[in-house]
Amino acid sequence: MTDQDGVLMVLAIIDGILVGGVYALMAVGLTLIFGVLDIINIAQGVLVILGAYLSYSLFTKAHIDPYIGLLITVPAMFVIGVVIHWAFIRRLRGTERTSMTLLVTYAVGLIIEGVLYKLYGATNVQLLPSYGNSSFSLFGNYVQWVYVWDFLLAVLLIGAVYVLLYRTRFGRSVRATMQDQTAARLVGIDVNRVAALTFGIGVAVTAAGGMAFGITNAFNPNSGYDLISRLLSIIILGGMGSVGGALGASLFMLTLESVVSIWQPQWAVAVYYAALVIVLLYRPTGLFGQKAVRAQ
Amino acid sequence: MTALLRTEGISKAYGGVQALDGATIAVEEGTVAGLIGPNGSGKTTLFNVITGYETPDAGQVWFGDRAITNLAPDKVFAAGIGRTFQLTRIFPRLTVIENMLIAAQARDRPRNLLSWFGKDAWTHHRRHALELLEFVGIEGHANVLAGSLSYGQRKLLELAYVLVADPAVILLDEPAGGVNPTLINHIADRIRQLNAEQGKTFLLVEHNMEFVMGLCSVITVLESGAAVVSGPPGIVKTDKRVLDAYLGTDLDDLGVDDEEEAR
Amino acid sequence: ACTSGSSSTPSTTTSSSSATTGASSSAATSASGSPSSSTPINIGASLSLTGDFSADGVAFKQGYELWAQDVNAAGGILGRKVKLTILNDASSPNQVVTNYQTLINSDHVDLTFGPFSSLLTKPASAVAARNGYAFVEGAGGAPSVFDTPANQADHNVFDVSLPVADSLMPFVNYIASLPASQRPKTAAYPMADDPFADPPVQLAEQKLTALGVQPVYTVAPFAEEQSSYKPVADQVAKKKADLVVLGSTDVPTVAAFMAQFQANHYTPKMFIAAAGPDQGAAFTSAVKPGNAQGMMVPNGWYPDYNDPASKKMVTEYEALYKVNASGVNADVAEAYSVGQVVQAAITATGGTDNQKIISYLHSAVTLKTVQGDVKFDSLGENSAAAAFIFQWQNDGTKYAQVLPAGGASVAIIPTKPQWVS
Amino acid sequence: MAAAVGGGRVLRGPCHRAALPPDGPVRPEGGAGTVTRHPRHADGQAAGLGTAVKGGALLLLLLAFIAFPKVFTNPAVTNYGVLALIYVTAATAWNIFSGNTGYISLGQAVFFGSGAYAMGIAARDWHLTGTTVFTTLPLCGAVGALIAIPFGLIALRVRRHTFIVITIAVFFIFQLMAFNLPFTGGSSGLASPFLSWPAAGYNTPFYYIALAYAAGSIALAWLIRRSRFGLQLRAIRDDEDRARGLGVRAMRVKLSAFVISGAITAMIGAVWFYYIEQVEPQTGFDPIFDLTLVLMAFFGGYGSIAGPVLGALLLEPLTLWLNTQPAFSGGSVSEILLGAVFLIVVLFMPRGIVPTGGELITRIRTRGRPAVVPAAPGGPPASQVPPAASGSSSGSGPSVGSGPSVNSGGAR
Amino acid sequence: MSGEPLLAMDGVVAGYGGGDVLRGVTFGVPEGAITCVVGPNGAGKSTVMRVISGLLRPRLGTVTLRGEKLNGKTPRQILDLGVVQVTQNHSLFKDMTVHENIDLGGYTIKDRSTVGKRIDAVYDLFPQVRGWAGMKAGSLSGGQQRLVEFARALMLDPVLILLDEPSMGLSPLVLKSVFDAARQMNASGATVLLVEQNARAGLKLSQHGVVMENGTVRLAGTGREVLEHPEIGELYLGGTVKKI
Ligand SMILES: Nc1ncnc2c1ncn2[C@@H]1O[C@H](COP(=O)(O)OP(=O)(O)OP(=O)(O)O)[C@@H](O)[C@H]1O
Ligand SMILES: Nc1ncnc2c1ncn2[C@@H]1O[C@H](COP(=O)(O)OP(=O)(O)OP(=O)(O)O)[C@@H](O)[C@H]1O
Ligand SMILES: CC(C)C[C@H](N)C(=O)O
Ligand SMILES: [Mg+2]
Ligand SMILES: [Mg+2]
């Protein structure tokens with residue numbers, strides 16, 4: 001490895017960490033929905049895009065800064081999540097519940113995507129606040145401020161979700177519901193309400209992920225598809241239901257990818273997935289799996 | 001005569017909990033042995049270690065003169081040790097009879113492809129399975145999904161499994177828990193009969209003293225992961241340590257009324 | 001690319017396989033047998049209105065529709081109105097095959113127009129080939145489109161657009177024309193793994209290196225995944241090359257590279273991308289218009305192209321979609337040209353007989369389109385197409401042809417200005 | 001959280017104590033849950049009659065499928081048949097492995113694409129043309145099987161969600177290999193040889209080949225379902241560790257099913273390749289394909305043979321058809337409609353078409369009848385049989401939160 | 001023996017979708033007493049419990065608590081009326097700690113300080129459980145889990161407590177403490193409805209006995225009547241005082 005490579009390596013690592021923050025932000029909601037509720041949320045990618053479009057509309061139409069706009073988009077997405085759960089997912093039970101949630105979320109994703117096409121067309125857009133590409137220098141490399149904000153936002157939201165799940169009565173009821181619905185009902189938990197709220201929260205935090213995505217990437221209604229398999233693999237690598245794990249796994253994944261792409265960009269994705277396979281063979285419950293809400 | 005199944009100094013810790021602490025037991029061939037001990041003394045964990053569901057931190061498991069310590073569950077079964085589970089583990093989405101057939105065919109070694117795909121090759125298993133289901137009184141549920149059985153019925157199915165699988169050594173983890181008393185007596189009779197007629201070896205864990213004391217010729221008492229006493233029922237039930245740690249003041253008081261007649 | 005080796009004026013009667021001819025005449029002639037002037041000419045196409053190619057597919061649809069509208073406003077072709085049936089293929093090969101089978105066999109369209117992207121053009125053209133349909137298209141430009149066995153047998157594919165491999169040549173020639181001191185010293189060639197994006201970039205790299213431009217980033221292509229863009233762009237930025245030739249296929253890729261370059265306080269002196277900046281307002285809405293300044297892209301068409309049909313198309317488009325001329329996506333013109341070529345063929349052959357149309361289009365005629373001249377070689381590539389290089393100027397409000405310098409309407413901005421914030 | 005459950009061994013789930021089925025995190029309360037009785041009748045004669053009727057119906061169905069391209073000769077129609085049957089085969093192959101074992105594979109496109117590429121490469125390198133290309137089908141199956149062995153040996157060491165993600169990972173690795181390996185044609189992919197068949201009947205041979213594969217794989221699925229092999233697979237689905245304790249050699253059994261599934265999928269992938277005449281990395285190794293199979297299986301009903309078949313027969317033509325309707329132009333309308341169809345089905349058939357249908361039938365048939373045969377020795381119950389159902393409970397049927405409630409529904 | 005039944009089941013028909021499991025169950029649970037239900041495996045005892053606690057809706061018939069109709073109510077509403085159930089199968093939240101499980105037993109108590117007090121009280125009653133507080137419930141042994149479940153049910157002050165086979169898996173010494181606790185709760189006013197396979201122990205503890213068979217009530221009477229009924233004894237209670 002030459003000196004030059006060493007410099008690029010540092011750069012690649014910084015890149016991985018920064019982009020990892022954005023992916024973590026998109027994955028937190030999925031950790032709640034898939035990892036905790038065991039709902040295979042195929043619509044997560046589309047929900048990210050929906051969040052991005054909400055922020056985009058506020059920004060272009062009402063000139064609300066994307067970060068401040070979260071005060072509106074997060075509650076809006078929460079309502080959307082609760083409605084989706086209340087209308088469709090609530091009815092699913094039994095051993096097919098998990099599999100049928102895939103059907104429901106796929107359908108919801110299709111509909112949201114269709115509506116986005118109707119509203120916004122197929123043209124790619126991006127959230128372009130004035131500070132979008134401003135950066136500061138670190139170890140001779142430039143770091144974009146938005147990535148820093150997104151990273152902090154990810155840490156903040158992940159912390160909030162952690163506190164919510166592990167430090168509150170509501171969080172206890174969520175975890176209880178997911179482990180044993182019957183027992184939860186016997187201790188007086190309204191399982192439908194708890195699940196709907198949790199789903200709502202999962203979708204709500206995705207609004208932040210969408211904003212972060214939209215500020216760092218151009219997108220159109222179809223852009224969500226490429227995200228879902230990455231997000232799934234992130235939360236499994238992090239450990240099902242482990243909110244902190246989602247961040248750790250995002251950083252691992254994006255850093256690896258960006259380091260490999262110094263030399264072999266065409267194999268970067270494959271190297272990440274190969275590493276994923278190897279890690280999971282040795283830690284089937286993921287990097288932070290032992291803290292998972294559910295053991296196997 | 002050397003013991004058919006032995007464990008030597010098995011230890012197993014989970015975090016701070018020492019579930020097994022040098023547990024050494026021996027089961028002679030052709031006996032009905034008992035394993036008792038307070039809740040959490042490590043009985044189930046010992047079963048798990050023997051049958052390959054857990055890896056011990058230390059110690060050896062011997063089956064005859066073969067060390068089977070770290071064998072996988074299917075290998076242990078193939079060696080001739082079958083077990084039941086305390087918290088039942090049936091196949092909820094298979095029918096009861098299918099549950100039985102899984103166990104019944106376990107020791108077959110199909111020679112050709114056809115016998116893998118043909119089902120008629122094992123109709124005789126079906127007959128045997130139905131007979132056992134009848135014995136435990138759930139033959140009426142043969143074609144019902146096992147997940148819909150009542151708790152006690154599941155326990156009975158567990159028992160029927162291991163009987164139909166017919167291993168040389170049968171480990172039973174609380175076979176009587178949740179089972180109707182009349183049926184418990186039948187089960188005891190069946191075990192005696194299998195033992196006498198086919199020389200089957202049993203090791204059973206039970207909290208039903210009536211059942212254990214009446215059935216077992218040797219009883220080992222486990223406490224805090226170690227075997228503390230071993231001997232015939234008469235000796236064990238009067239041992240001071242057993243009384244203090246497990247049975248309470250004496251056997252006649254099974255936690256019911258004081259005037260409970262001796263059983 | 002052309003493996004058949006036939007001369008530039010092939011005789012289509014021999015090149016069409018007999019089986020296909022037999023089968024096709026029933027479908028194609030029955031529809032065109034009695035061209036009463038009242039029956040409309042039914043034209044079918046499949047486009048990616050959703051899915052991966054939707055951004056371009058929708059623009060293409062606008063082009064087809066605009067063409068049909070113009071034709072009908074002018075009284076149709078041979079007195080017959082044009083009726084367009086556009087189906088959505090969701091960017092899926094199964095769907096595109098289904099759509100063309102439906103258009104041809106159920107809707108009995110008279111003629112077919114191509115879909116968007118080389119990926120879908122290949123299976124679609126095979127369906128058309130076996131049914132004896134001419135397949136005029138504007139967005140299947142990869143060499144592999146023309147090499148398919150079906151096309152080699154039936155020669156029914158016609159791409160009205162510029163063959164991709166040579167598209168960067170005007171730019172290369174421009175560099176060659178500069179005095180050595182003014183040429184870029186170093187160049188970076190990042191490219192996405194795509195059959196459309198790679199050939200021109202590879203050719204440009206070869207030629208420019210021969211000219212003495214030192215390649216500083218020639219790493220293998222990156223996967224077209226959003227997570228790849230930032231790291232690759234940052235690596236490229238670190239090389240501080242004077243020239244960046246980006247093998248891109250769409251707007252998000254170019255936008256990502258631009259953003260990362262800006263964040264790295266790196267402005268290449270010249271920045272040319274294989275595709276993306278040609279998409280008009282769709283491009284400027286994804287990057288800051290000010291940053292579009294100086295961005296270059298090869299293409300066959302530009303809004304100021306001095307052609308009456310093109311001017312008319314642009315005016316109509318402006319009115320219809322409320323954008324200025326520079327906001328018109330080049331996809332629109334590609335689609336429009338498809339219509340024009342077919343229109344010329346119908347007029348010349350006096351009907352919608354596909355075999356006649358195929359023969360006609362292979363007869364080395366030169367046709368006029370909004371994209372300029374079109375003349376097909378034996379496998380349907382447009383040998384007459386002129387490659388142009390365009391540049392965004394006036395802070396992203398003007399998209400102008402700058403190369404080749406001779407016919408250029410506007411002078412090139414030789415050095416890309418700093419990014420704006 | 002002092003004592004973490006579980007050890008490090010990959011092969012054994014750490015949680016041996018729980019009576020938890022490997023599938024189903026929301027732990028159903030033991031017995032509670034809607035459970036439909038197995039459709040087999042205790043009464044032998046009735047069963048025999050039922051089988052005859054079923055067999056007759058199946059035969060008629062098969063004849064209908066054979067007659068289809070003779071009746072509907074329009075290639076636009078037979079095209080639906082070809083694509084639907086390709087998906088029937090692929091979904092059934094998925095079902096042979098995933099439906100039986102409960103290991104949800106989202107990596108079937110690995111086989112599909114490899115089959116397509118195998119045929120493409122073989123035809124290219126051996127200069128095969130015309131119908132002789134079809135002779136490579138067994139080879140394509142062998143390629144699928146060969147890939148399935150290492151793939152399975154790796155992926156089948158982990159369970160549930162981890163397995164799903166590993167299949168996704170392997171899928172992406174294969175897609176990138178198709179992009180980057182020297183013999184795959186790179187991002188341009190491969191074109192199939194040219195078939196000089198007349199357009200009118202072009203689809204028909206493909207239809208019959210696909211039909212043969214579909215019928216063959218369904219028959220195989222059925223054979224497996226009723227065999228010892230199938231029983232072991234389903235035992236693995238319910239509780240793999242327990243099955244091992246009963247002597248089931250889990251890895252061997254799972255892997256066999258995976259290999260069978262991979263071989264069939266690869267062969268049908270090759271058929272698809274020849275039909276579409278191209279394969280590129282994105283179309284051969286298409287993540288949507290993986291998802292589609294799973295959607296089809298769940299839509300029709302997971303766990304039965306008929307479910308995925310029905311799902312494929314309904315969904316593939318429906319999706320294709322919606323997009324061919326100019327009335328839904330703009331594309332997004334057809335997406336919204338398709339989504340709505342899904343949601344409506346889920347609302348009314350929350351367990352998929354086949355299981356919910358079967359459950360309804362059982363519920364109606366057994367209404368007011370005792371559920372069980374007397375469970376213990378003893379005379380008839382002393383108390384009276386309840387009055388006939390008066391419908392007073394106004395449809396408030398039994399509603400238990402969740403439970404092991406799998407229904408066999410149709411073909412089992 | 002206090003008179004008015006606290007809970008009354010009248011002609012209850014219920015099932016799980018594959019026919020009726022309960023086929024007209026009628027019996028009363030006298031207030032302030034301990035009532036024990038016995039019967040063979042699969043008779044429907046646990047199903048009765050599920051119907052009472054609202055987990056399963058009956059198809060026909062009524063369940064009333066002090067005259068108030070229970071069917072149609074949600075488990076939460078029934079819980080709020082003071083009916084607490086310990087189920088037969090293990091229903092702990094296995095990946096949560098024992099402490100969290102106990103805490104969740106008091107989920108319906110809004111006031112945190114009351115919850116804290118009750119937890120202490122429960123721990124005092126079963127000191128072993130306090131020792132396991134930090135462990136994951138699923139890692140406990142079968143008997144230990146049973147005990148935790150019982151302890152969790154004691155978090156509320158129930159009017160009626162439903163115990164589905166409390167004796168299962170408990171060692172003799174622990175069983176004694178559980179039965180003692182049940183008796184103690186009964187003494188302080190709670191009505192107990194118990195299902196037991198350990199019929200002699202269960203019936204001895206109870207004032208009333210109910211024998212179920214095949215989804216119906218075969219016999220109801222005082223505990224001793226049931227225990228000494230010759231036919232019942234032979235069929236379900238393991239014979240009359242048979243010595244093994
Ligand atoms: N996976 C595990 N993680 C943590 N602790 C465990 C685990 N398995 C067992 N233990 C602990 O080991 C001890 C022994 O448990 P085991 O189940 O063997 O007891 P047992 O003798 O079978 O009790 P019982 O009579 O109640 O069934 C218990 O304290 C239990 O908490
Ligand atoms: N979830 C279920 N789905 C279908 N049938 C069920 C279900 N749970 C129980 N049953 C059936 O209902 C009948 C009564 O079950 P229940 O659990 O009430 O019996 P029980 O009297 O409690 O038996 P045990 O003493 O074994 O616990 C049994 O025949 C059983 O098969
Ligand atoms: C940019 C590409 C996706 C489309 C391009 N017009 C082609 O020929 O393939
Ligand atoms: Mg135990
Ligand atoms: Mg019960």
# chains A, B, ... in the order shown; residues from 1 in each chain; ligands from 1
call {"tool": "residues_around", "arguments": {"residues": "Asp238 in chain D", "least_positions_apart": "2", "cutoff": "9 Å", "atoms": "only C-alpha atoms", "output": "ChimeraX atom specification"}}
result
/B:90-94 /D:21-23,101-102,233-236,240,242-243
call {"tool": "residues_around", "arguments": {"residues": "Asn101 in chain E", "least_positions_apart": "5", "cutoff": "12 Å", "atoms": "only C-alpha atoms", "output": "PDB file with N, CA and C atoms, in the first residue's frame"}}
result
ATOM      1  N   ARG A 169     -42.418   2.455  30.652  1.00  0.00           N
ATOM      2  CA  ARG A 169     -43.475   1.485  30.810  1.00  0.00           C
ATOM      3  C   ARG A 169     -43.996   1.081  29.432  1.00  0.00           C
ATOM      4  N   ARG A 172     -41.722  -1.364  27.871  1.00  0.00           N
ATOM      5  CA  ARG A 172     -41.884  -2.707  28.437  1.00  0.00           C
ATOM      6  C   ARG A 172     -43.095  -3.385  27.829  1.00  0.00           C
ATOM      7  N   SER A 173     -44.162  -2.595  27.667  1.00  0.00           N
ATOM      8  CA  SER A 173     -45.359  -3.219  27.110  1.00  0.00           C
ATOM      9  C   SER A 173     -45.124  -3.614  25.644  1.00  0.00           C
ATOM     10  N   ARG A 175     -42.244  -4.609  24.331  1.00  0.00           N
ATOM     11  CA  ARG A 175     -41.451  -5.833  24.302  1.00  0.00           C
ATOM     12  C   ARG A 175     -42.269  -7.022  24.772  1.00  0.00           C
ATOM     13  N   ALA A 176     -43.101  -6.774  25.770  1.00  0.00           N
ATOM     14  CA  ALA A 176     -43.935  -7.873  26.264  1.00  0.00           C
ATOM     15  C   ALA A 176     -44.878  -8.349  25.169  1.00  0.00           C
ATOM     16  N   THR A 177     -45.496  -7.411  24.494  1.00  0.00           N
ATOM     17  CA  THR A 177     -46.441  -7.781  23.445  1.00  0.00           C
ATOM     18  C   THR A 177     -45.774  -8.631  22.386  1.00  0.00           C
ATOM     19  N   GLN A 179     -43.282 -10.559  22.655  1.00  0.00           N
ATOM     20  CA  GLN A 179     -42.845 -11.889  23.053  1.00  0.00           C
ATOM     21  C   GLN A 179     -43.996 -12.851  23.229  1.00  0.00           C
ATOM     22  N   ASP A 180     -45.077 -12.374  23.741  1.00  0.00           N
ATOM     23  CA  ASP A 180     -46.180 -13.279  24.023  1.00  0.00           C
ATOM     24  C   ASP A 180     -47.457 -12.462  24.095  1.00  0.00           C
ATOM     25  N   ALA A 183     -49.983 -13.590  26.850  1.00  0.00           N
ATOM     26  CA  ALA A 183     -49.580 -13.190  28.192  1.00  0.00           C
ATOM     27  C   ALA A 183     -49.718 -11.682  28.350  1.00  0.00           C
ATOM     28  N   ALA A 184     -49.395 -10.955  27.293  1.00  0.00           N
ATOM     29  CA  ALA A 184     -49.513  -9.505  27.383  1.00  0.00           C
ATOM     30  C   ALA A 184     -50.961  -9.101  27.613  1.00  0.00           C
ATOM     31  N   VAL A 187     -51.915  -9.560  31.240  1.00  0.00           N
ATOM     32  CA  VAL A 187     -51.513  -8.576  32.241  1.00  0.00           C
ATOM     33  C   VAL A 187     -52.136  -7.212  31.943  1.00  0.00           C
TER      34      VAL A 187
ATOM     35  N   SER E  91     -46.200 -18.697  30.318  1.00  0.00           N
ATOM     36  CA  SER E  91     -46.513 -17.461  29.620  1.00  0.00           C
ATOM     37  C   SER E  91     -45.715 -16.295  30.185  1.00  0.00           C
ATOM     38  N   LEU E  92     -44.483 -16.563  30.519  1.00  0.00           N
ATOM     39  CA  LEU E  92     -43.618 -15.454  30.911  1.00  0.00           C
ATOM     40  C   LEU E  92     -43.099 -14.774  29.656  1.00  0.00           C
ATOM     41  N   PHE E  93     -42.646 -13.554  29.821  1.00  0.00           N
ATOM     42  CA  PHE E  93     -41.976 -12.872  28.723  1.00  0.00           C
ATOM     43  C   PHE E  93     -40.526 -13.310  28.788  1.00  0.00           C
ATOM     44  N   LYS E  94     -40.191 -14.257  27.940  1.00  0.00           N
ATOM     45  CA  LYS E  94     -38.976 -15.024  28.163  1.00  0.00           C
ATOM     46  C   LYS E  94     -37.684 -14.233  28.016  1.00  0.00           C
ATOM     47  N   ASP E  95     -37.699 -13.234  27.155  1.00  0.00           N
ATOM     48  CA  ASP E  95     -36.470 -12.469  26.968  1.00  0.00           C
ATOM     49  C   ASP E  95     -36.389 -11.259  27.876  1.00  0.00           C
ATOM     50  N   MET E  96     -37.351 -11.123  28.739  1.00  0.00           N
ATOM     51  CA  MET E  96     -37.284 -10.009  29.679  1.00  0.00           C
ATOM     52  C   MET E  96     -36.846 -10.561  31.023  1.00  0.00           C
ATOM     53  N   GLY E 106     -48.052  -5.815  37.304  1.00  0.00           N
ATOM     54  CA  GLY E 106     -48.782  -4.643  37.796  1.00  0.00           C
ATOM     55  C   GLY E 106     -48.968  -3.591  36.728  1.00  0.00           C
ATOM     56  N   TYR E 107     -49.019  -4.039  35.472  1.00  0.00           N
ATOM     57  CA  TYR E 107     -49.107  -3.094  34.359  1.00  0.00           C
ATOM     58  C   TYR E 107     -50.297  -2.162  34.483  1.00  0.00           C
ATOM     59  N   ILE E 119     -44.280  -4.999  44.392  1.00  0.00           N
ATOM     60  CA  ILE E 119     -43.153  -5.856  44.009  1.00  0.00           C
ATOM     61  C   ILE E 119     -42.422  -6.324  45.265  1.00  0.00           C
ATOM     62  N   VAL E 129     -37.583 -15.653  44.277  1.00  0.00           N
ATOM     63  CA  VAL E 129     -37.832 -14.888  43.067  1.00  0.00           C
ATOM     64  C   VAL E 129     -36.987 -13.614  43.059  1.00  0.00           C
ATOM     65  N   ARG E 130     -36.849 -13.024  44.224  1.00  0.00           N
ATOM     66  CA  ARG E 130     -36.019 -11.823  44.290  1.00  0.00           C
ATOM     67  C   ARG E 130     -34.599 -12.151  43.823  1.00  0.00           C
ATOM     68  N   TRP E 132     -33.706 -14.087  41.591  1.00  0.00           N
ATOM     69  CA  TRP E 132     -33.582 -14.245  40.134  1.00  0.00           C
ATOM     70  C   TRP E 132     -33.896 -12.953  39.386  1.00  0.00           C
ATOM     71  N   ALA E 133     -34.126 -11.880  40.129  1.00  0.00           N
ATOM     72  CA  ALA E 133     -34.686 -10.665  39.526  1.00  0.00           C
ATOM     73  C   ALA E 133     -33.991 -10.245  38.226  1.00  0.00           C
ATOM     74  N   GLY E 134     -32.665 -10.344  38.206  1.00  0.00           N
ATOM     75  CA  GLY E 134     -31.947  -9.832  37.033  1.00  0.00           C
ATOM     76  C   GLY E 134     -31.808 -10.833  35.906  1.00  0.00           C
ATOM     77  N   MET E 135     -32.274 -12.060  36.120  1.00  0.00           N
ATOM     78  CA  MET E 135     -32.083 -13.068  35.072  1.00  0.00           C
ATOM     79  C   MET E 135     -33.191 -12.999  34.035  1.00  0.00           C
ATOM     80  N   LYS E 136     -32.864 -13.436  32.829  1.00  0.00           N
ATOM     81  CA  LYS E 136     -33.904 -13.529  31.813  1.00  0.00           C
ATOM     82  C   LYS E 136     -34.872 -14.637  32.200  1.00  0.00           C
ATOM     83  N   ALA E 137     -36.131 -14.349  32.123  1.00  0.00           N
ATOM     84  CA  ALA E 137     -37.128 -15.317  32.578  1.00  0.00           C
ATOM     85  C   ALA E 137     -36.997 -16.631  31.812  1.00  0.00           C
ATOM     86  N   GLY E 138     -36.691 -16.539  30.541  1.00  0.00           N
ATOM     87  CA  GLY E 138     -36.617 -17.751  29.737  1.00  0.00           C
ATOM     88  C   GLY E 138     -35.459 -18.657  30.114  1.00  0.00           C
ATOM     89  N   GLN E 145     -39.801 -20.963  36.554  1.00  0.00           N
ATOM     90  CA  GLN E 145     -40.671 -20.113  35.739  1.00  0.00           C
ATOM     91  C   GLN E 145     -42.093 -20.131  36.271  1.00  0.00           C
ATOM     92  N   LEU E 147     -43.056 -20.583  39.230  1.00  0.00           N
ATOM     93  CA  LEU E 147     -43.145 -19.807  40.463  1.00  0.00           C
ATOM     94  C   LEU E 147     -43.194 -18.310  40.139  1.00  0.00           C
ATOM     95  N   VAL E 148     -42.406 -17.905  39.168  1.00  0.00           N
ATOM     96  CA  VAL E 148     -42.421 -16.489  38.790  1.00  0.00           C
ATOM     97  C   VAL E 148     -43.788 -16.106  38.239  1.00  0.00           C
ATOM     98  N   GLU E 149     -44.361 -16.991  37.469  1.00  0.00           N
ATOM     99  CA  GLU E 149     -45.694 -16.707  36.928  1.00  0.00           C
ATOM    100  C   GLU E 149     -46.694 -16.505  38.055  1.00  0.00           C
ATOM    101  N   PHE E 150     -46.594 -17.361  39.011  1.00  0.00           N
ATOM    102  CA  PHE E 150     -47.503 -17.250  40.147  1.00  0.00           C
ATOM    103  C   PHE E 150     -47.270 -15.926  40.853  1.00  0.00           C
ATOM    104  N   ALA E 151     -46.001 -15.601  41.057  1.00  0.00           N
ATOM    105  CA  ALA E 151     -45.674 -14.352  41.731  1.00  0.00           C
ATOM    106  C   ALA E 151     -46.198 -13.156  40.938  1.00  0.00           C
ATOM    107  N   ARG E 152     -46.090 -13.247  39.614  1.00  0.00           N
ATOM    108  CA  ARG E 152     -46.547 -12.136  38.792  1.00  0.00           C
ATOM    109  C   ARG E 152     -48.039 -11.892  38.971  1.00  0.00           C
ATOM    110  N   ALA E 153     -48.784 -13.006  39.103  1.00  0.00           N
ATOM    111  CA  ALA E 153     -50.227 -12.856  39.262  1.00  0.00           C
ATOM    112  C   ALA E 153     -50.581 -12.177  40.575  1.00  0.00           C
ATOM    113  N   LEU E 154     -49.691 -12.267  41.540  1.00  0.00           N
ATOM    114  CA  LEU E 154     -49.990 -11.684  42.845  1.00  0.00           C
ATOM    115  C   LEU E 154     -49.771 -10.172  42.874  1.00  0.00           C
ATOM    116  N   MET E 155     -49.302  -9.627  41.787  1.00  0.00           N
ATOM    117  CA  MET E 155     -49.072  -8.179  41.748  1.00  0.00           C
ATOM    118  C   MET E 155     -50.366  -7.392  41.879  1.00  0.00           C
TER     119      MET E 155
END
call {"tool": "closest_atom_pairs", "arguments": {"of": "chain B", "to": "ligand 2", "cutoff": "9 Å", "atoms": "only C-alpha atoms and all ligand atoms", "output": "JSON lines"}}
result
{"residue": "B:Ile138", "atom": "CA", "partner": "ligand 2", "partner_atom_place_in_ligand_line": "29 (O)", "distance": 8.7}
{"residue": "B:His141", "atom": "CA", "partner": "ligand 2", "partner_atom_place_in_ligand_line": "31 (O)", "distance": 7.1}
{"residue": "B:Val144", "atom": "CA", "partner": "ligand 2", "partner_atom_place_in_ligand_line": "31 (O)", "distance": 7.9}
{"residue": "B:Leu145", "atom": "CA", "partner": "ligand 2", "partner_atom_place_in_ligand_line": "4 (C)", "distance": 8.1}
{"residue": "B:Ala146", "atom": "CA", "partner": "ligand 2", "partner_atom_place_in_ligand_line": "31 (O)", "distance": 8.1}
{"residue": "B:Gly147", "atom": "CA", "partner": "ligand 2", "partner_atom_place_in_ligand_line": "1 (N)", "distance": 6.6}
{"residue": "B:Ser148", "atom": "CA", "partner": "ligand 2", "partner_atom_place_in_ligand_line": "2 (C)", "distance": 3.8}
{"residue": "B:Leu149", "atom": "CA", "partner": "ligand 2", "partner_atom_place_in_ligand_line": "31 (O)", "distance": 3.8}
{"residue": "B:Ser150", "atom": "CA", "partner": "ligand 2", "partner_atom_place_in_ligand_line": "17 (O)", "distance": 3.7}
{"residue": "B:Tyr151", "atom": "CA", "partner": "ligand 2", "partner_atom_place_in_ligand_line": "27 (O)", "distance": 4.3}
{"residue": "B:Gly152", "atom": "CA", "partner": "ligand 2", "partner_atom_place_in_ligand_line": "26 (O)", "distance": 3.1}
{"residue": "B:Gln153", "atom": "CA", "partner": "ligand 2", "partner_atom_place_in_ligand_line": "26 (O)", "distance": 4.9}
{"residue": "B:Arg154", "atom": "CA", "partner": "ligand 2", "partner_atom_place_in_ligand_line": "26 (O)", "distance": 7.4}
{"residue": "B:Lys155", "atom": "CA", "partner": "ligand 2", "partner_atom_place_in_ligand_line": "26 (O)", "distance": 8.0}
{"residue": "B:Leu156", "atom": "CA", "partner": "ligand 2", "partner_atom_place_in_ligand_line": "26 (O)", "distance": 8.7}
{"residue": "B:Gly178", "atom": "CA", "partner": "ligand 2", "partner_atom_place_in_ligand_line": "25 (O)", "distance": 6.2}
{"residue": "B:Val179", "atom": "CA", "partner": "ligand 2", "partner_atom_place_in_ligand_line": "25 (O)", "distance": 6.5}
{"residue": "B:Asn180", "atom": "CA", "partner": "ligand 2", "partner_atom_place_in_ligand_line": "25 (O)", "distance": 6.8}
